[in-house]
$ cat my_file23.pdb   # PDB, C-alpha atoms
ATOM      1  CA  MET O   1     109.344 -73.868 -52.038
ATOM      2  CA  SER O   2     105.645 -73.790 -52.885
ATOM      3  CA  THR O   3     104.615 -73.425 -56.512
ATOM      4  CA  THR O   4     101.563 -71.305 -55.643
ATOM      5  CA  GLU O   5     100.807 -68.887 -58.484
ATOM      6  CA  VAL O   6     101.788 -65.361 -57.556
ATOM      7  CA  ARG O   7     100.510 -62.033 -58.861
ATOM      8  CA  PRO O   8     103.729 -60.565 -60.295
ATOM      9  CA  VAL O   9     105.362 -57.902 -58.162
ATOM     10  CA  GLY O  10     105.632 -54.604 -59.999
ATOM     11  CA  ALA O  11     109.249 -53.501 -59.732
ATOM     12  CA  ALA O  12     111.708 -50.856 -60.829
ATOM     13  CA  ILE O  13     115.252 -51.710 -61.869
ATOM     14  CA  ILE O  14     117.641 -48.983 -60.735
ATOM     15  CA  GLY O  15     120.764 -49.099 -62.883
ATOM     16  CA  LEU O  16     120.734 -50.425 -66.433
ATOM     17  CA  GLY O  17     124.369 -51.292 -66.882
ATOM     18  CA  TRP O  18     125.722 -54.767 -67.653
ATOM     19  CA  TRP O  19     124.116 -56.527 -64.685
ATOM     20  CA  GLY O  20     120.954 -54.449 -64.574
ATOM     21  CA  LYS O  21     120.243 -55.356 -68.190
ATOM     22  CA  LYS O  22     120.873 -59.018 -67.384
ATOM     23  CA  MET O  23     118.306 -58.964 -64.571
ATOM     24  CA  ALA O  24     115.754 -56.930 -66.520
ATOM     25  CA  THR O  25     115.900 -59.223 -69.546
ATOM     26  CA  LEU O  26     115.687 -62.348 -67.395
ATOM     27  CA  VAL O  27     112.808 -61.143 -65.228
ATOM     28  CA  ASN O  28     110.646 -59.765 -68.024
ATOM     29  CA  ALA O  29     111.033 -63.024 -69.946
ATOM     30  CA  GLY O  30     108.846 -64.577 -67.225
ATOM     31  CA  GLY O  31     109.081 -67.043 -64.394
ATOM     32  CA  ALA O  32     110.261 -64.660 -61.668
ATOM     33  CA  ASP O  33     106.870 -63.740 -60.142
ATOM     34  CA  MET O  34     107.951 -60.168 -60.855
ATOM     35  CA  ARG O  35     107.853 -57.723 -63.728
ATOM     36  CA  PHE O  36     109.912 -54.609 -64.251
ATOM     37  CA  VAL O  37     107.618 -51.724 -65.089
ATOM     38  CA  HIS O  38     110.110 -48.897 -64.595
ATOM     39  CA  GLY O  39     113.794 -48.503 -65.429
ATOM     40  CA  VAL O  40     116.114 -45.852 -64.001
ATOM     41  CA  ASP O  41     119.551 -44.853 -65.244
ATOM     42  CA  PRO O  42     121.365 -41.533 -65.665
ATOM     43  CA  ASN O  43     122.440 -42.596 -69.171
ATOM     44  CA  PRO O  44     119.742 -41.629 -71.700
ATOM     45  CA  ASP O  45     121.197 -44.071 -74.238
ATOM     46  CA  VAL O  46     119.558 -47.012 -72.426
ATOM     47  CA  GLN O  47     116.047 -45.572 -72.785
ATOM     48  CA  SER O  48     115.488 -47.671 -75.909
ATOM     49  CA  PHE O  49     116.460 -50.829 -73.995
ATOM     50  CA  ALA O  50     113.858 -49.989 -71.343
ATOM     51  CA  ALA O  51     111.224 -49.332 -73.999
ATOM     52  CA  ASP O  52     111.941 -52.680 -75.684
ATOM     53  CA  LEU O  53     111.121 -54.420 -72.387
ATOM     54  CA  GLY O  54     107.947 -52.409 -71.859
ATOM     55  CA  MET O  55     109.351 -50.269 -69.040
ATOM     56  CA  ARG O  56     108.831 -46.608 -68.375
ATOM     57  CA  PHE O  57     112.183 -44.825 -68.163
ATOM     58  CA  SER O  58     113.500 -42.146 -65.814
ATOM     59  CA  SER O  59     116.882 -40.696 -64.984
ATOM     60  CA  GLU O  60     116.163 -40.348 -61.255
ATOM     61  CA  LEU O  61     115.226 -42.812 -58.495
ATOM     62  CA  SER O  62     112.553 -40.410 -57.233
ATOM     63  CA  ALA O  63     110.460 -40.953 -60.356
ATOM     64  CA  ALA O  64     110.345 -44.716 -59.793
ATOM     65  CA  LEU O  65     109.519 -44.259 -56.110
ATOM     66  CA  ALA O  66     106.570 -42.056 -57.082
ATOM     67  CA  ASP O  67     105.285 -44.643 -59.579
ATOM     68  CA  PRO O  68     102.151 -46.290 -58.082
ATOM     69  CA  GLU O  69     102.823 -49.533 -60.002
ATOM     70  CA  VAL O  70     106.225 -49.949 -58.350
ATOM     71  CA  GLU O  71     106.015 -52.134 -55.247
ATOM     72  CA  ALA O  72     109.731 -52.940 -55.028
ATOM     73  CA  VAL O  73     113.018 -51.556 -56.265
ATOM     74  CA  ILE O  74     115.981 -53.605 -57.398
ATOM     75  CA  LEU O  75     119.271 -51.755 -56.949
ATOM     76  CA  ALA O  76     121.896 -52.617 -59.577
ATOM     77  CA  THR O  77     123.938 -49.566 -58.675
ATOM     78  CA  PRO O  78     127.429 -48.776 -57.342
ATOM     79  CA  HIS O  79     127.988 -49.884 -53.734
ATOM     80  CA  SER O  80     128.520 -46.326 -52.540
ATOM     81  CA  LEU O  81     124.908 -45.447 -53.390
ATOM     82  CA  HIS O  82     123.183 -48.358 -51.667
ATOM     83  CA  GLN O  83     122.604 -46.973 -48.192
ATOM     84  CA  GLU O  84     121.051 -43.701 -49.394
ATOM     85  CA  GLN O  85     118.955 -45.455 -52.037
ATOM     86  CA  ILE O  86     117.686 -48.020 -49.538
ATOM     87  CA  ALA O  87     116.720 -45.267 -47.109
ATOM     88  CA  LYS O  88     114.800 -43.376 -49.803
ATOM     89  CA  SER O  89     113.067 -46.554 -50.981
ATOM     90  CA  VAL O  90     112.006 -47.526 -47.472
ATOM     91  CA  ALA O  91     110.703 -44.003 -46.849
ATOM     92  CA  ALA O  92     108.546 -44.456 -49.962
ATOM     93  CA  GLY O  93     107.239 -47.792 -48.667
ATOM     94  CA  LYS O  94     108.990 -49.918 -51.284
ATOM     95  CA  HIS O  95     110.522 -53.353 -50.738
ATOM     96  CA  VAL O  96     114.221 -53.470 -51.672
ATOM     97  CA  PHE O  97     116.420 -55.993 -53.447
ATOM     98  CA  CYS O  98     120.040 -54.826 -53.362
ATOM     99  CA  GLU O  99     122.918 -56.063 -55.457
ATOM    100  CA  LYS O 100     125.989 -57.040 -53.497
ATOM    101  CA  PRO O 101     127.586 -55.819 -51.408
ATOM    102  CA  LEU O 102     124.848 -54.364 -49.244
ATOM    103  CA  ALA O 103     127.308 -51.916 -47.680
ATOM    104  CA  MET O 104     131.016 -51.453 -47.058
ATOM    105  CA  THR O 105     130.831 -51.361 -43.250
ATOM    106  CA  ARG O 106     128.993 -53.317 -40.588
ATOM    107  CA  LYS O 107     127.471 -50.113 -39.238
ATOM    108  CA  ASP O 108     125.902 -49.228 -42.582
ATOM    109  CA  ALA O 109     124.646 -52.794 -43.111
ATOM    110  CA  GLU O 110     123.023 -52.778 -39.675
ATOM    111  CA  ALA O 111     121.321 -49.467 -40.479
ATOM    112  CA  SER O 112     119.847 -50.716 -43.775
ATOM    113  CA  VAL O 113     118.672 -54.021 -42.305
ATOM    114  CA  ALA O 114     117.066 -52.209 -39.350
ATOM    115  CA  LEU O 115     115.309 -49.725 -41.658
ATOM    116  CA  CYS O 116     113.694 -52.475 -43.712
ATOM    117  CA  GLU O 117     112.779 -54.621 -40.717
ATOM    118  CA  GLY O 118     111.356 -51.649 -38.843
ATOM    119  CA  ALA O 119     109.129 -50.753 -41.784
ATOM    120  CA  GLY O 120     107.995 -54.340 -42.335
ATOM    121  CA  LEU O 121     109.601 -54.394 -45.793
ATOM    122  CA  VAL O 122     111.517 -57.260 -47.403
ATOM    123  CA  LEU O 123     115.234 -56.763 -48.023
ATOM    124  CA  GLY O 124     116.666 -59.098 -50.655
ATOM    125  CA  MET O 125     120.305 -59.549 -51.653
ATOM    126  CA  GLY O 126     121.958 -60.389 -54.958
ATOM    127  CA  HIS O 127     123.607 -63.542 -53.639
ATOM    128  CA  GLU O 128     122.386 -65.826 -56.396
ATOM    129  CA  ARG O 129     125.065 -68.422 -55.606
ATOM    130  CA  ARG O 130     122.784 -69.739 -52.848
ATOM    131  CA  PHE O 131     120.191 -70.554 -55.493
ATOM    132  CA  GLU O 132     122.471 -72.679 -57.666
ATOM    133  CA  PRO O 133     121.120 -76.236 -57.268
ATOM    134  CA  PRO O 134     124.409 -77.850 -56.168
ATOM    135  CA  ILE O 135     125.155 -75.025 -53.711
ATOM    136  CA  ALA O 136     121.650 -75.409 -52.286
ATOM    137  CA  GLU O 137     122.514 -79.116 -51.846
ATOM    138  CA  ILE O 138     125.623 -78.153 -49.854
ATOM    139  CA  ILE O 139     123.592 -75.866 -47.598
ATOM    140  CA  GLU O 140     121.056 -78.631 -46.994
ATOM    141  CA  ALA O 141     123.748 -81.267 -46.360
ATOM    142  CA  ALA O 142     125.383 -78.976 -43.814
ATOM    143  CA  SER O 143     122.165 -77.969 -42.022
ATOM    144  CA  SER O 144     120.945 -81.579 -41.805
ATOM    145  CA  GLY O 145     124.252 -82.788 -40.346
ATOM    146  CA  ARG O 146     124.970 -85.086 -43.285
ATOM    147  CA  LEU O 147     128.447 -83.528 -43.712
ATOM    148  CA  GLY O 148     129.207 -83.943 -40.013
ATOM    149  CA  ARG O 149     131.225 -81.261 -38.256
ATOM    150  CA  LEU O 150     132.212 -78.622 -40.794
ATOM    151  CA  LEU O 151     135.961 -78.114 -40.847
ATOM    152  CA  GLN O 152     137.038 -76.003 -43.787
ATOM    153  CA  ILE O 153     135.944 -74.200 -46.936
ATOM    154  CA  GLU O 154     138.040 -73.664 -50.067
ATOM    155  CA  SER O 155     136.661 -71.273 -52.674
ATOM    156  CA  ASN O 156     137.665 -69.297 -55.738
ATOM    157  CA  PHE O 157     135.510 -67.020 -57.892
ATOM    158  CA  SER O 158     137.745 -65.212 -60.360
ATOM    159  CA  HIS O 159     137.647 -63.839 -63.901
ATOM    160  CA  ASP O 160     139.380 -61.343 -66.175
ATOM    161  CA  LYS O 161     136.272 -59.525 -67.462
ATOM    162  CA  PHE O 162     137.340 -56.218 -65.939
ATOM    163  CA  LEU O 163     140.623 -56.010 -67.890
ATOM    164  CA  THR O 164     138.726 -54.543 -70.841
ATOM    165  CA  LEU O 165     136.761 -51.947 -68.864
ATOM    166  CA  ASP O 166     137.373 -48.252 -69.373
ATOM    167  CA  PRO O 167     139.614 -47.033 -66.516
ATOM    168  CA  SER O 168     136.875 -44.566 -65.493
ATOM    169  CA  ASN O 169     134.417 -47.391 -64.726
ATOM    170  CA  TRP O 170     133.369 -47.393 -61.052
ATOM    171  CA  ARG O 171     134.249 -51.083 -60.803
ATOM    172  CA  LEU O 172     137.893 -50.030 -61.207
ATOM    173  CA  ASN O 173     137.751 -47.423 -58.454
ATOM    174  CA  ALA O 174     139.827 -48.583 -55.496
ATOM    175  CA  GLU O 175     137.619 -46.683 -53.044
ATOM    176  CA  GLN O 176     134.330 -48.036 -54.390
ATOM    177  CA  ALA O 177     135.572 -51.571 -55.138
ATOM    178  CA  PRO O 178     138.582 -52.286 -52.890
ATOM    179  CA  ALA O 179     140.548 -55.499 -52.287
ATOM    180  CA  GLY O 180     140.936 -57.010 -55.740
ATOM    181  CA  GLY O 181     137.818 -58.844 -56.855
ATOM    182  CA  MET O 182     136.314 -58.940 -53.375
ATOM    183  CA  THR O 183     133.249 -56.768 -53.992
ATOM    184  CA  ALA O 184     132.689 -58.227 -57.466
ATOM    185  CA  THR O 185     132.969 -61.954 -56.748
ATOM    186  CA  GLY O 186     134.544 -62.726 -53.372
ATOM    187  CA  ILE O 187     131.541 -61.325 -51.507
ATOM    188  CA  HIS O 188     129.509 -64.295 -52.789
ATOM    189  CA  LEU O 189     132.014 -66.716 -51.307
ATOM    190  CA  THR O 190     132.057 -65.013 -47.917
ATOM    191  CA  ASP O 191     128.235 -65.017 -47.942
ATOM    192  CA  LEU O 192     128.246 -68.794 -48.366
ATOM    193  CA  SER O 193     131.019 -69.184 -45.794
ATOM    194  CA  VAL O 194     129.141 -67.171 -43.175
ATOM    195  CA  LYS O 195     125.945 -69.076 -43.967
ATOM    196  CA  LEU O 196     127.708 -72.397 -43.359
ATOM    197  CA  MET O 197     130.205 -71.518 -40.619
ATOM    198  CA  GLY O 198     128.642 -68.584 -38.769
ATOM    199  CA  PRO O 199     130.232 -65.237 -37.853
ATOM    200  CA  ALA O 200     133.932 -64.761 -38.612
ATOM    201  CA  ALA O 201     136.505 -64.113 -35.893
ATOM    202  CA  ASP O 202     139.436 -62.761 -37.909
ATOM    203  CA  VAL O 203     140.964 -62.657 -41.384
ATOM    204  CA  ARG O 204     144.333 -62.193 -43.081
ATOM    205  CA  VAL O 205     144.460 -61.006 -46.700
ATOM    206  CA  VAL O 206     147.097 -60.915 -49.403
ATOM    207  CA  CYS O 207     146.195 -58.415 -52.120
ATOM    208  CA  GLU O 208     148.695 -57.657 -54.885
ATOM    209  CA  ASN O 209     148.858 -56.140 -58.342
ATOM    210  CA  LEU O 210     150.745 -58.729 -60.383
ATOM    211  CA  ALA O 211     149.433 -58.544 -63.938
ATOM    212  CA  SER O 212     147.513 -55.313 -64.589
ATOM    213  CA  GLN O 213     147.029 -51.675 -63.683
ATOM    214  CA  ILE O 214     143.797 -52.351 -61.773
ATOM    215  CA  PRO O 215     144.056 -49.881 -58.862
ATOM    216  CA  GLN O 216     142.490 -52.130 -56.209
ATOM    217  CA  GLY O 217     144.877 -54.978 -57.040
ATOM    218  CA  ASP O 218     144.270 -57.934 -59.317
ATOM    219  CA  THR O 219     145.191 -60.913 -57.114
ATOM    220  CA  MET O 220     143.474 -61.361 -53.736
ATOM    221  CA  SER O 221     143.218 -64.213 -51.262
ATOM    222  CA  ALA O 222     141.805 -64.237 -47.739
ATOM    223  CA  HIS O 223     142.141 -66.752 -44.927
ATOM    224  CA  VAL O 224     139.200 -66.532 -42.528
ATOM    225  CA  ARG O 225     138.782 -68.085 -39.076
ATOM    226  CA  PHE O 226     135.325 -68.428 -37.542
ATOM    227  CA  LYS O 227     134.136 -67.859 -34.001
ATOM    228  CA  GLY O 228     132.707 -71.365 -33.867
ATOM    229  CA  GLY O 229     135.898 -72.938 -35.216
ATOM    230  CA  GLY O 230     136.923 -73.842 -38.738
ATOM    231  CA  SER O 231     138.354 -71.745 -41.529
ATOM    232  CA  ALA O 232     137.771 -70.626 -45.116
ATOM    233  CA  TYR O 233     140.059 -69.762 -48.002
ATOM    234  CA  VAL O 234     138.595 -67.209 -50.423
ATOM    235  CA  SER O 235     140.233 -66.140 -53.688
ATOM    236  CA  ALA O 236     138.878 -63.377 -55.926
ATOM    237  CA  THR O 237     141.299 -62.567 -58.721
ATOM    238  CA  LEU O 238     140.743 -60.150 -61.612
ATOM    239  CA  ALA O 239     143.520 -61.281 -63.981
ATOM    240  CA  THR O 240     142.853 -64.948 -64.686
ATOM    241  CA  PRO O 241     140.307 -66.695 -66.935
ATOM    242  CA  PHE O 242     136.982 -67.534 -65.328
ATOM    243  CA  ILE O 243     136.909 -70.063 -62.525
ATOM    244  CA  SER O 244     134.284 -70.681 -59.894
ATOM    245  CA  ARG O 245     134.942 -73.375 -57.326
ATOM    246  CA  PHE O 246     133.345 -73.902 -53.915
ATOM    247  CA  ALA O 247     134.268 -76.835 -51.685
ATOM    248  CA  VAL O 248     133.237 -77.646 -48.127
ATOM    249  CA  PHE O 249     134.842 -80.309 -45.953
ATOM    250  CA  GLY O 250     133.228 -82.061 -43.000
ATOM    251  CA  THR O 251     133.990 -85.064 -40.829
ATOM    252  CA  LEU O 252     131.526 -87.266 -42.739
ATOM    253  CA  GLY O 253     132.109 -86.026 -46.259
ATOM    254  CA  TRP O 254     133.064 -83.268 -48.632
ATOM    255  CA  ILE O 255     131.475 -81.666 -51.705
ATOM    256  CA  GLU O 256     133.145 -79.596 -54.433
ATOM    257  CA  VAL O 257     131.152 -77.581 -56.982
ATOM    258  CA  ARG O 258     132.686 -76.129 -60.150
ATOM    259  CA  ASP O 259     130.771 -73.869 -62.526
ATOM    260  CA  LYS O 260     131.067 -74.686 -66.211
ATOM    261  CA  ALA O 261     130.477 -71.017 -67.121
ATOM    262  CA  HIS O 262     129.859 -67.628 -65.529
ATOM    263  CA  VAL O 263     126.421 -67.143 -63.952
ATOM    264  CA  GLU O 264     125.736 -64.489 -66.597
ATOM    265  CA  SER O 265     125.153 -67.401 -69.020
ATOM    266  CA  PRO O 266     125.028 -70.544 -66.870
ATOM    267  CA  GLU O 267     125.909 -73.898 -68.434
ATOM    268  CA  GLY O 268     125.644 -76.121 -65.385
ATOM    269  CA  TRP O 269     127.996 -77.497 -62.766
ATOM    270  CA  ILE O 270     130.390 -80.352 -62.088
ATOM    271  CA  VAL O 271     129.955 -81.804 -58.602
ATOM    272  CA  THR O 272     132.561 -84.044 -56.977
ATOM    273  CA  GLU O 273     131.737 -85.733 -53.662
ATOM    274  CA  GLY O 274     133.597 -87.850 -51.146
ATOM    275  CA  TRP O 275     131.731 -89.575 -48.310
ATOM    276  CA  LYS O 276     133.134 -91.629 -45.466
ATOM    277  CA  GLY O 277     133.422 -95.284 -46.523
ATOM    278  CA  GLN O 278     132.417 -94.575 -50.142
ATOM    279  CA  GLN O 279     134.204 -94.010 -53.439
ATOM    280  CA  ILE O 280     134.558 -90.477 -54.788
ATOM    281  CA  THR O 281     131.861 -89.648 -57.353
ATOM    282  CA  ILE O 282     131.613 -87.036 -60.112
ATOM    283  CA  ARG O 283     128.351 -85.878 -61.669
ATOM    284  CA  GLU O 284     127.061 -83.040 -63.808
ATOM    285  CA  VAL O 285     124.135 -80.801 -62.870
ATOM    286  CA  ALA O 286     122.049 -79.212 -65.625
ATOM    287  CA  PRO O 287     121.948 -75.419 -66.090
ATOM    288  CA  ALA O 288     119.559 -73.302 -64.034
ATOM    289  CA  GLU O 289     118.889 -69.578 -63.617
ATOM    290  CA  PRO O 290     119.848 -68.734 -60.029
ATOM    291  CA  VAL O 291     119.593 -64.983 -60.664
ATOM    292  CA  ARG O 292     115.925 -65.382 -61.604
ATOM    293  CA  ASP O 293     115.302 -67.837 -58.766
ATOM    294  CA  ASN O 294     116.709 -65.400 -56.195
ATOM    295  CA  LEU O 295     114.442 -62.638 -57.489
ATOM    296  CA  ARG O 296     111.484 -65.034 -57.421
ATOM    297  CA  ALA O 297     112.225 -65.876 -53.776
ATOM    298  CA  PHE O 298     112.245 -62.130 -53.066
ATOM    299  CA  ALA O 299     108.932 -61.661 -54.893
ATOM    300  CA  ARG O 300     107.304 -64.498 -52.949
ATOM    301  CA  ALA O 301     108.509 -62.924 -49.709
ATOM    302  CA  VAL O 302     107.013 -59.599 -50.796
ATOM    303  CA  ARG O 303     103.702 -61.421 -51.303
ATOM    304  CA  GLY O 304     104.021 -63.016 -47.849
ATOM    305  CA  LEU O 305     104.127 -66.562 -49.248
ATOM    306  CA  ASP O 306     107.624 -67.478 -48.057
ATOM    307  CA  VAL O 307     110.324 -66.132 -45.761
ATOM    308  CA  TYR O 308     113.235 -64.721 -47.754
ATOM    309  CA  PRO O 309     116.074 -67.207 -47.144
ATOM    310  CA  ILE O 310     118.931 -64.732 -46.545
ATOM    311  CA  SER O 311     118.475 -63.328 -43.048
ATOM    312  CA  GLY O 312     119.365 -59.845 -41.898
ATOM    313  CA  ASP O 313     121.916 -61.268 -39.453
ATOM    314  CA  GLU O 314     123.626 -63.158 -42.271
ATOM    315  CA  MET O 315     123.767 -59.980 -44.370
ATOM    316  CA  ILE O 316     125.322 -58.065 -41.471
ATOM    317  CA  ASN O 317     127.838 -60.814 -40.629
ATOM    318  CA  ASN O 318     128.949 -60.953 -44.266
ATOM    319  CA  ILE O 319     129.533 -57.187 -44.443
ATOM    320  CA  ALA O 320     131.391 -57.268 -41.118
ATOM    321  CA  LEU O 321     133.745 -59.795 -42.728
ATOM    322  CA  LEU O 322     134.038 -57.673 -45.894
ATOM    323  CA  GLU O 323     134.991 -54.654 -43.795
ATOM    324  CA  ALA O 324     137.749 -56.659 -42.077
ATOM    325  CA  ILE O 325     138.972 -58.011 -45.433
ATOM    326  CA  ILE O 326     139.267 -54.472 -46.799
ATOM    327  CA  ARG O 327     141.286 -53.442 -43.739
ATOM    328  CA  SER O 328     143.577 -56.457 -44.003
ATOM    329  CA  ALA O 329     144.104 -55.909 -47.743
ATOM    330  CA  ARG O 330     145.534 -52.502 -46.850
ATOM    331  CA  THR O 331     147.546 -53.505 -43.781
ATOM    332  CA  GLY O 332     148.534 -57.095 -44.529
ATOM    333  CA  LEU O 333     147.773 -57.885 -40.895
ATOM    334  CA  VAL O 334     145.355 -60.265 -39.211
ATOM    335  CA  GLU O 335     142.238 -58.140 -38.641
ATOM    336  CA  THR O 336     139.689 -59.100 -35.997
ATOM    337  CA  LEU O 337     135.950 -58.568 -36.283
TER
END
$ encode --input "my_file23.pdb" --output "structure tokens"
Amino acid sequence: MSTTEVRPVGAAIIGLGWWGKKMATLVNAGGADMRFVHGVDPNPDVQSFAADLGMRFSSELSAALADPEVEAVILATPHSLHQEQIAKSVAAGKHVFCEKPLAMTRKDAEASVALCEGAGLVLGMGHERRFEPPIAEIIEAASSGRLGRLLQIESNFSHDKFLTLDPSNWRLNAEQAPAGGMTATGIHLTDLSVKLMGPAADVRVVCENLASQIPQGDTMSAHVRFKGGGSAYVSATLATPFISRFAVFGTLGWIEVRDKAHVESPEGWIVTEGWKGQQITIREVAPAEPVRDNLRAFARAVRGLDVYPISGDEMINNIALLEAIIRSARTGLVETL
């Protein structure tokens, strides 16, 4: 990516909860080619946080959309609000960066992608895993053919952070966040799987409640088959200490990436590789800030300097898989896409 200096994109952060605060603090510290000038949240208690970062504060999205300094909105809001908020933002001529998942159904994802494309506006997605240096290496190794024919993916992104949440929190609402940890963490793994393997053909899910009262289940695994061949195992559990592991296997080699800490406070990665005719190697990769780097890629796309690297088709294919995973979590059956 070019290092051309960019006039920072004026942005509004919509939602100043845990993750919204993380993004706002990171972006306004610099280095993202963006600056938050407006914060929106229905909770008046976070007004002081917004003021500390130099942001105007409102309780309604409409105020940010009417702000002439706001060129883009970043949605750190519950999934159920995304489609309506995207539509309002596009109508106001604002570029949109949406936290995952984009939508809960393929139909809604297609509508949001089409709205942004039709208006000539950039749509970014909170899939920061793609911007982790070792994951970017996997994507490059796959696209260049260095891994050979891709065969299988094994992945797990789990934590127990939600066990301490108040039961009224939307993240513990089985309608808004179904299928265990799927919408919280698993959606990142399916994004990477679709990026590497293409559209999914079918999926079978096991979703159980084994160790908590979390209404959407606390233990979830999905086995995905792809239209072009190959498969992926995805685990997104909400009742085990943090683990993040992503491994891809090809005919010429395999790469496994393990996070040393949650992306909220990254500490780097451990990368294990096995290549045909060579000994297995293990190396450490220094910490980076993939959340900031994703937002910077979005800002550069807004400025017309680069193409945003997550395509609309990839966004739609990922949500189509999510929709099938949600169905299978409820039925226990193999669900086709």
$ residues_around --input "my_file23.pdb" --residues "Gln83 (chain O)" --least-positions-apart "4" --cutoff "9 Å" --atoms "all atoms listed in the file" --output "PyMOL selection string"
chain O and resi 79+87-88+102-103+108-109+111-112
$ atom_distance --input "my_file23.pdb" --atom1 "CA of Ala141 (chain O)" --atom2 "CA of Val307 (chain O)"
20.2 Å
$ residues_around --input "my_file23.pdb" --residues "Gly228 (chain O)" --least-positions-apart "2" --cutoff "12 Å" --atoms "all atoms listed in the file" --output "PDB file with C-alpha atoms, in the coordinates of the input"
ATOM      1  CA  ARG O 149     131.225 -81.261 -38.256  1.00  0.00           C
ATOM      2  CA  LEU O 150     132.212 -78.622 -40.794  1.00  0.00           C
ATOM      3  CA  LEU O 151     135.961 -78.114 -40.847  1.00  0.00           C
ATOM      4  CA  GLN O 152     137.038 -76.003 -43.787  1.00  0.00           C
ATOM      5  CA  VAL O 194     129.141 -67.171 -43.175  1.00  0.00           C
ATOM      6  CA  LEU O 196     127.708 -72.397 -43.359  1.00  0.00           C
ATOM      7  CA  MET O 197     130.205 -71.518 -40.619  1.00  0.00           C
ATOM      8  CA  GLY O 198     128.642 -68.584 -38.769  1.00  0.00           C
ATOM      9  CA  PRO O 199     130.232 -65.237 -37.853  1.00  0.00           C
ATOM     10  CA  ALA O 200     133.932 -64.761 -38.612  1.00  0.00           C
ATOM     11  CA  ALA O 201     136.505 -64.113 -35.893  1.00  0.00           C
ATOM     12  CA  ASP O 202     139.436 -62.761 -37.909  1.00  0.00           C
ATOM     13  CA  VAL O 224     139.200 -66.532 -42.528  1.00  0.00           C
ATOM     14  CA  ARG O 225     138.782 -68.085 -39.076  1.00  0.00           C
ATOM     15  CA  PHE O 226     135.325 -68.428 -37.542  1.00  0.00           C
ATOM     16  CA  GLY O 230     136.923 -73.842 -38.738  1.00  0.00           C
ATOM     17  CA  SER O 231     138.354 -71.745 -41.529  1.00  0.00           C
TER      18      SER O 231
END
$ resolve_selection --input "my_file23.pdb" --expression "the PyMOL selection byres ((chain O and resi 92-101) around 7)" --output "mmCIF file with C-alpha atoms, in the coordinates of the input"
data_model
loop_
_atom_site.group_PDB
_atom_site.id
_atom_site.type_symbol
_atom_site.label_atom_id
_atom_site.label_comp_id
_atom_site.auth_asym_id
_atom_site.auth_seq_id
_atom_site.Cartn_x
_atom_site.Cartn_y
_atom_site.Cartn_z
ATOM 1 C CA LEU O 65 109.519 -44.259 -56.110
ATOM 2 C CA GLU O 71 106.015 -52.134 -55.247
ATOM 3 C CA ALA O 72 109.731 -52.940 -55.028
ATOM 4 C CA VAL O 73 113.018 -51.556 -56.265
ATOM 5 C CA ILE O 74 115.981 -53.605 -57.398
ATOM 6 C CA LEU O 75 119.271 -51.755 -56.949
ATOM 7 C CA ALA O 76 121.896 -52.617 -59.577
ATOM 8 C CA HIS O 79 127.988 -49.884 -53.734
ATOM 9 C CA ILE O 86 117.686 -48.020 -49.538
ATOM 10 C CA LYS O 88 114.800 -43.376 -49.803
ATOM 11 C CA SER O 89 113.067 -46.554 -50.981
ATOM 12 C CA VAL O 90 112.006 -47.526 -47.472
ATOM 13 C CA ALA O 91 110.703 -44.003 -46.849
ATOM 14 C CA LEU O 102 124.848 -54.364 -49.244
ATOM 15 C CA ALA O 103 127.308 -51.916 -47.680
ATOM 16 C CA LEU O 121 109.601 -54.394 -45.793
ATOM 17 C CA VAL O 122 111.517 -57.260 -47.403
ATOM 18 C CA LEU O 123 115.234 -56.763 -48.023
ATOM 19 C CA GLY O 124 116.666 -59.098 -50.655
ATOM 20 C CA MET O 125 120.305 -59.549 -51.653
ATOM 21 C CA GLY O 126 121.958 -60.389 -54.958
ATOM 22 C CA HIS O 127 123.607 -63.542 -53.639
ATOM 23 C CA THR O 183 133.249 -56.768 -53.992
ATOM 24 C CA ILE O 187 131.541 -61.325 -51.507
#
$ residues_around --input "my_file23.pdb" --residues "Trp254 (chain O)" --least-positions-apart "6" --cutoff "9 Å" --atoms "only C-alpha atoms" --output "list in words"
Leu147, Ala247, Val248, Thr272, Glu273, Gly274, Trp275 and Lys276 of chain O
$ residues_near_point --input "my_file23.pdb" --point "(124.6, -48.5, -67.1)" --cutoff "12 Å" --atoms "all atoms listed in the file" --output "list in words"
Ile13, Ile14, Gly15, Leu16, Gly17, Trp18, Trp19, Gly20, Lys21, Lys22, Gly39, Val40, Asp41, Pro42, Asn43, Pro44, Asp45, Val46, Gln47, Phe49, Ala50, Ser59, Leu75, Ala76, Thr77, Pro78, Asn169, Trp170 and Arg171 of chain O
$ atom_distance --input "my_file23.pdb" --atom1 "CA of Val302 (chain O)" --atom2 "CA of Ala136 (chain O)"
21.6 Å
$ atom_distance --input "my_file23.pdb" --atom1 "CA of Pro134 (chain O)" --atom2 "CA of Ala179 (chain O)"
27.8 Å
$ closest_residue --input "my_file23.pdb" --among "O:Met23, O:Ala329, O:Leu115, O:Met104" --to "Glu128 (chain O)" --atoms "all atoms listed in the file"
O:Met23
$ closest_residue --input "my_file23.pdb" --among "O:Gly145, O:Gly304, O:Gly277, O:Gly312" --to "Val6 (chain O)" --atoms "all atoms listed in the file"
O:Gly304
$ resolve_selection --input "my_file23.pdb" --expression "the PyMOL selection byres ((chain O and resi 206) around 10)" --output "PyMOL selection string"
chain O and resi 179-180+204-205+207-208+217+219-223+235+325+328-333
$ residues_around --input "my_file23.pdb" --residues "Asp218 (chain O)" --least-positions-apart "5" --cutoff "12 Å" --atoms "all atoms listed in the file" --output "ChimeraX atom specification"
/O:158-163,172,174,177-182,184,206-213,235-240,329
$ residues_around --input "my_file23.pdb" --residues "Arg7 (chain O)" --least-positions-apart "4" --cutoff "9 Å" --atoms "only C-alpha atoms" --output "JSON list (two decimals) with C-alpha atoms, in the coordinates of the input"
[["chain", "number", "residue", "atom", "x", "y", "z"],
["O", 33, "ASP", "CA", 106.87, -63.74, -60.14],
["O", 34, "MET", "CA", 107.95, -60.17, -60.86],
["O", 303, "ARG", "CA", 103.70, -61.42, -51.30]]
